[in-house]
Amino acid sequence: TTPAKHPRPDPEPSDSAIAGLPKDKVTIKVIGRDGQSWISAKDANGKLLEDGLLRQGESKTFTDKERIDLVLGNAGAVQLYVNGKEVKEVGDQGSVERLSYTPGDPQAG
């Protein structure tokens, strides 16, 4: 048998590769799951990306190179994905949560 001329290196498996998300950015997806929630999102420079109601069944996605600051007005009503991973226990129904995420989040543990 002759060896292949140029074996293609296998891409390293990683969560972000599977989800197709860039590693050098933070990507947040918020989905209205159990009713509506008021959401506010800002990028690392403090620029407002979103400020308003997220209705049940709607979704919003935010991306920044450094950080996303999120305020959820009814944290129990939303499903939150950070860099392709679902965040469990975002908050309770009716609770206001202030969250910040960076490209390496969510940390395991």
# chains A, B, ... in the order shown; residues from 1 in each chain; ligands from 1
call {"tool": "residues_around", "arguments": {"residues": "A:Arg67", "least_positions_apart": "5", "cutoff": "7 Å", "atoms": "only C-alpha atoms", "output": "VMD selection string"}}
result
chain A and resid 26 43 to 44 100 to 102
call {"tool": "residues_around", "arguments": {"residues": "stretch 46-58 of chain A", "least_positions_apart": "3", "cutoff": "7 Å", "atoms": "only C-alpha atoms", "output": "list in words"}}
result
Ile31, Gly32, Arg33, Asp34, Gly35, Gln36, Ser37, Trp38, Ile39, Ser40, Ala41, Lys42 and Asp43 of chain A
call {"tool": "closest_residue", "arguments": {"among": "A:Glu66, A:Lys25, A:Gly84, A:Gly76", "to": "A:Glu97", "atoms": "only C-alpha atoms"}}
result
A:Gly76
call {"tool": "select_by_dssp", "arguments": {"residues": "stretch 26-86 of chain A", "states": "strand (DSSP E or B)", "output": "MDAnalysis selection string"}}
result
chainID A and resid 26:32 37:43 48:54 59:64 68:72 78:82 85:86
call {"tool": "write_last_selection", "arguments": {"atoms": "N, CA and C atoms", "output": "JSON list (two decimals), in the first residue's frame"}}
result
[["chain", "number", "residue", "atom", "x", "y", "z"],
["A", 26, "VAL", "N", -17.93, 36.08, 21.91],
["A", 26, "VAL", "CA", -18.97, 35.56, 22.79],
["A", 26, "VAL", "C", -20.29, 35.66, 22.02],
["A", 27, "THR", "N", -21.01, 34.55, 21.97],
["A", 27, "THR", "CA", -22.29, 34.51, 21.27],
["A", 27, "THR", "C", -23.36, 34.08, 22.25],
["A", 28, "ILE", "N", -24.38, 34.90, 22.38],
["A", 28, "ILE", "CA", -25.46, 34.61, 23.31],
["A", 28, "ILE", "C", -26.76, 34.53, 22.55],
["A", 29, "LYS", "N", -27.52, 33.49, 22.83],
["A", 29, "LYS", "CA", -28.85, 33.36, 22.24],
["A", 29, "LYS", "C", -29.86, 33.28, 23.36],
["A", 30, "VAL", "N", -30.88, 34.10, 23.29],
["A", 30, "VAL", "CA", -31.93, 34.12, 24.30],
["A", 30, "VAL", "C", -33.24, 33.75, 23.61],
["A", 31, "ILE", "N", -33.95, 32.79, 24.18],
["A", 31, "ILE", "CA", -35.21, 32.33, 23.61],
["A", 31, "ILE", "C", -36.32, 32.52, 24.63],
["A", 32, "GLY", "N", -37.43, 33.12, 24.21],
["A", 32, "GLY", "CA", -38.58, 33.26, 25.10],
["A", 32, "GLY", "C", -39.28, 31.91, 25.21],
["A", 37, "SER", "N", -40.36, 38.14, 28.43],
["A", 37, "SER", "CA", -39.37, 38.69, 29.34],
["A", 37, "SER", "C", -38.87, 39.99, 28.74],
["A", 38, "TRP", "N", -38.52, 40.94, 29.61],
["A", 38, "TRP", "CA", -37.87, 42.15, 29.14],
["A", 38, "TRP", "C", -36.38, 41.87, 29.13],
["A", 39, "ILE", "N", -35.71, 42.16, 28.02],
["A", 39, "ILE", "CA", -34.27, 41.92, 27.99],
["A", 39, "ILE", "C", -33.54, 43.18, 27.53],
["A", 40, "SER", "N", -32.33, 43.30, 28.06],
["A", 40, "SER", "CA", -31.44, 44.37, 27.65],
["A", 40, "SER", "C", -30.07, 43.74, 27.46],
["A", 41, "ALA", "N", -29.41, 44.09, 26.35],
["A", 41, "ALA", "CA", -28.07, 43.55, 26.09],
["A", 41, "ALA", "C", -27.17, 44.68, 25.63],
["A", 42, "LYS", "N", -25.96, 44.70, 26.19],
["A", 42, "LYS", "CA", -24.95, 45.68, 25.79],
["A", 42, "LYS", "C", -23.66, 44.97, 25.44],
["A", 43, "ASP", "N", -22.90, 45.57, 24.51],
["A", 43, "ASP", "CA", -21.60, 44.99, 24.19],
["A", 43, "ASP", "C", -20.54, 45.53, 25.16],
["A", 48, "LEU", "N", -25.82, 49.76, 23.44],
["A", 48, "LEU", "CA", -27.05, 48.99, 23.60],
["A", 48, "LEU", "C", -27.34, 48.20, 22.33],
["A", 49, "LEU", "N", -27.44, 46.88, 22.49],
["A", 49, "LEU", "CA", -27.74, 46.01, 21.35],
["A", 49, "LEU", "C", -29.23, 45.70, 21.28],
["A", 50, "GLU", "N", -29.85, 45.62, 22.44],
["A", 50, "GLU", "CA", -31.26, 45.27, 22.51],
["A", 50, "GLU", "C", -31.85, 45.82, 23.79],
["A", 51, "ASP", "N", -33.06, 46.30, 23.71],
["A", 51, "ASP", "CA", -33.74, 46.79, 24.91],
["A", 51, "ASP", "C", -35.23, 46.70, 24.63],
["A", 52, "GLY", "N", -35.86, 45.67, 25.17],
["A", 52, "GLY", "CA", -37.29, 45.53, 24.90],
["A", 52, "GLY", "C", -37.81, 44.16, 25.27],
["A", 53, "LEU", "N", -39.03, 43.90, 24.83],
["A", 53, "LEU", "CA", -39.67, 42.64, 25.18],
["A", 53, "LEU", "C", -39.24, 41.51, 24.27],
["A", 54, "LEU", "N", -39.03, 40.37, 24.90],
["A", 54, "LEU", "CA", -38.81, 39.12, 24.15],
["A", 54, "LEU", "C", -40.05, 38.28, 24.41],
["A", 59, "SER", "N", -36.62, 34.62, 19.48],
["A", 59, "SER", "CA", -35.24, 34.46, 19.94],
["A", 59, "SER", "C", -34.41, 35.62, 19.43],
["A", 60, "LYS", "N", -33.38, 35.95, 20.18],
["A", 60, "LYS", "CA", -32.44, 37.01, 19.81],
["A", 60, "LYS", "C", -31.04, 36.46, 20.01],
["A", 61, "THR", "N", -30.12, 36.88, 19.14],
["A", 61, "THR", "CA", -28.73, 36.46, 19.25],
["A", 61, "THR", "C", -27.84, 37.69, 19.29],
["A", 62, "PHE", "N", -26.87, 37.68, 20.21],
["A", 62, "PHE", "CA", -25.94, 38.80, 20.36],
["A", 62, "PHE", "C", -24.51, 38.27, 20.29],
["A", 63, "THR", "N", -23.63, 39.03, 19.66],
["A", 63, "THR", "CA", -22.23, 38.62, 19.54],
["A", 63, "THR", "C", -21.33, 39.82, 19.81],
["A", 64, "ASP", "N", -20.24, 39.58, 20.50],
["A", 64, "ASP", "CA", -19.24, 40.63, 20.70],
["A", 64, "ASP", "C", -17.88, 39.96, 20.85],
["A", 68, "ILE", "N", -20.59, 40.43, 26.62],
["A", 68, "ILE", "CA", -21.99, 40.83, 26.51],
["A", 68, "ILE", "C", -22.55, 40.96, 27.92],
["A", 69, "ASP", "N", -23.14, 42.10, 28.20],
["A", 69, "ASP", "CA", -23.82, 42.30, 29.48],
["A", 69, "ASP", "C", -25.32, 42.18, 29.22],
["A", 70, "LEU", "N", -25.95, 41.32, 29.99],
["A", 70, "LEU", "CA", -27.34, 40.99, 29.76],
["A", 70, "LEU", "C", -28.15, 41.30, 31.01],
["A", 71, "VAL", "N", -29.32, 41.89, 30.82],
["A", 71, "VAL", "CA", -30.28, 42.02, 31.91],
["A", 71, "VAL", "C", -31.55, 41.33, 31.46],
["A", 72, "LEU", "N", -32.01, 40.38, 32.27],
["A", 72, "LEU", "CA", -33.23, 39.64, 31.97],
["A", 72, "LEU", "C", -34.28, 40.02, 32.99],
["A", 78, "VAL", "N", -36.91, 32.61, 30.17],
["A", 78, "VAL", "CA", -36.04, 32.51, 28.99],
["A", 78, "VAL", "C", -35.14, 31.29, 29.05],
["A", 79, "GLN", "N", -34.79, 30.85, 27.85],
["A", 79, "GLN", "CA", -33.78, 29.81, 27.68],
["A", 79, "GLN", "C", -32.55, 30.53, 27.17],
["A", 80, "LEU", "N", -31.41, 30.28, 27.79],
["A", 80, "LEU", "CA", -30.20, 31.04, 27.47],
["A", 80, "LEU", "C", -29.11, 30.09, 27.00],
["A", 81, "TYR", "N", -28.51, 30.44, 25.87],
["A", 81, "TYR", "CA", -27.37, 29.68, 25.35],
["A", 81, "TYR", "C", -26.19, 30.63, 25.27],
["A", 82, "VAL", "N", -25.06, 30.22, 25.84],
["A", 82, "VAL", "CA", -23.83, 31.01, 25.78],
["A", 82, "VAL", "C", -22.79, 30.19, 25.05],
["A", 85, "LYS", "N", -23.73, 26.60, 24.43],
["A", 85, "LYS", "CA", -24.08, 25.72, 25.55],
["A", 85, "LYS", "C", -25.26, 26.32, 26.31],
["A", 86, "GLU", "N", -26.21, 25.47, 26.64],
["A", 86, "GLU", "CA", -27.36, 25.96, 27.39],
["A", 86, "GLU", "C", -26.95, 26.27, 28.82]]
call {"tool": "residues_around", "arguments": {"residues": "A:Glu89", "least_positions_apart": "2", "cutoff": "9 Å", "atoms": "only C-alpha atoms", "output": "ChimeraX atom specification"}}
result
/A:75-76,87,91-92
call {"tool": "atom_distance", "arguments": {"atom1": "atom CA of A:Asn45", "atom2": "atom CA of A:Asn83"}}
result
19.5 Å
call {"tool": "select_by_dssp", "arguments": {"residues": "stretch 3-106 of chain A", "states": "helix (DSSP H, G or I)", "output": "list of chain:residue names"}}
result
A:Asp15, A:Ser16, A:Ala17, A:Ile18, A:Ala19, A:Ala75, A:Gly76, A:Ala77
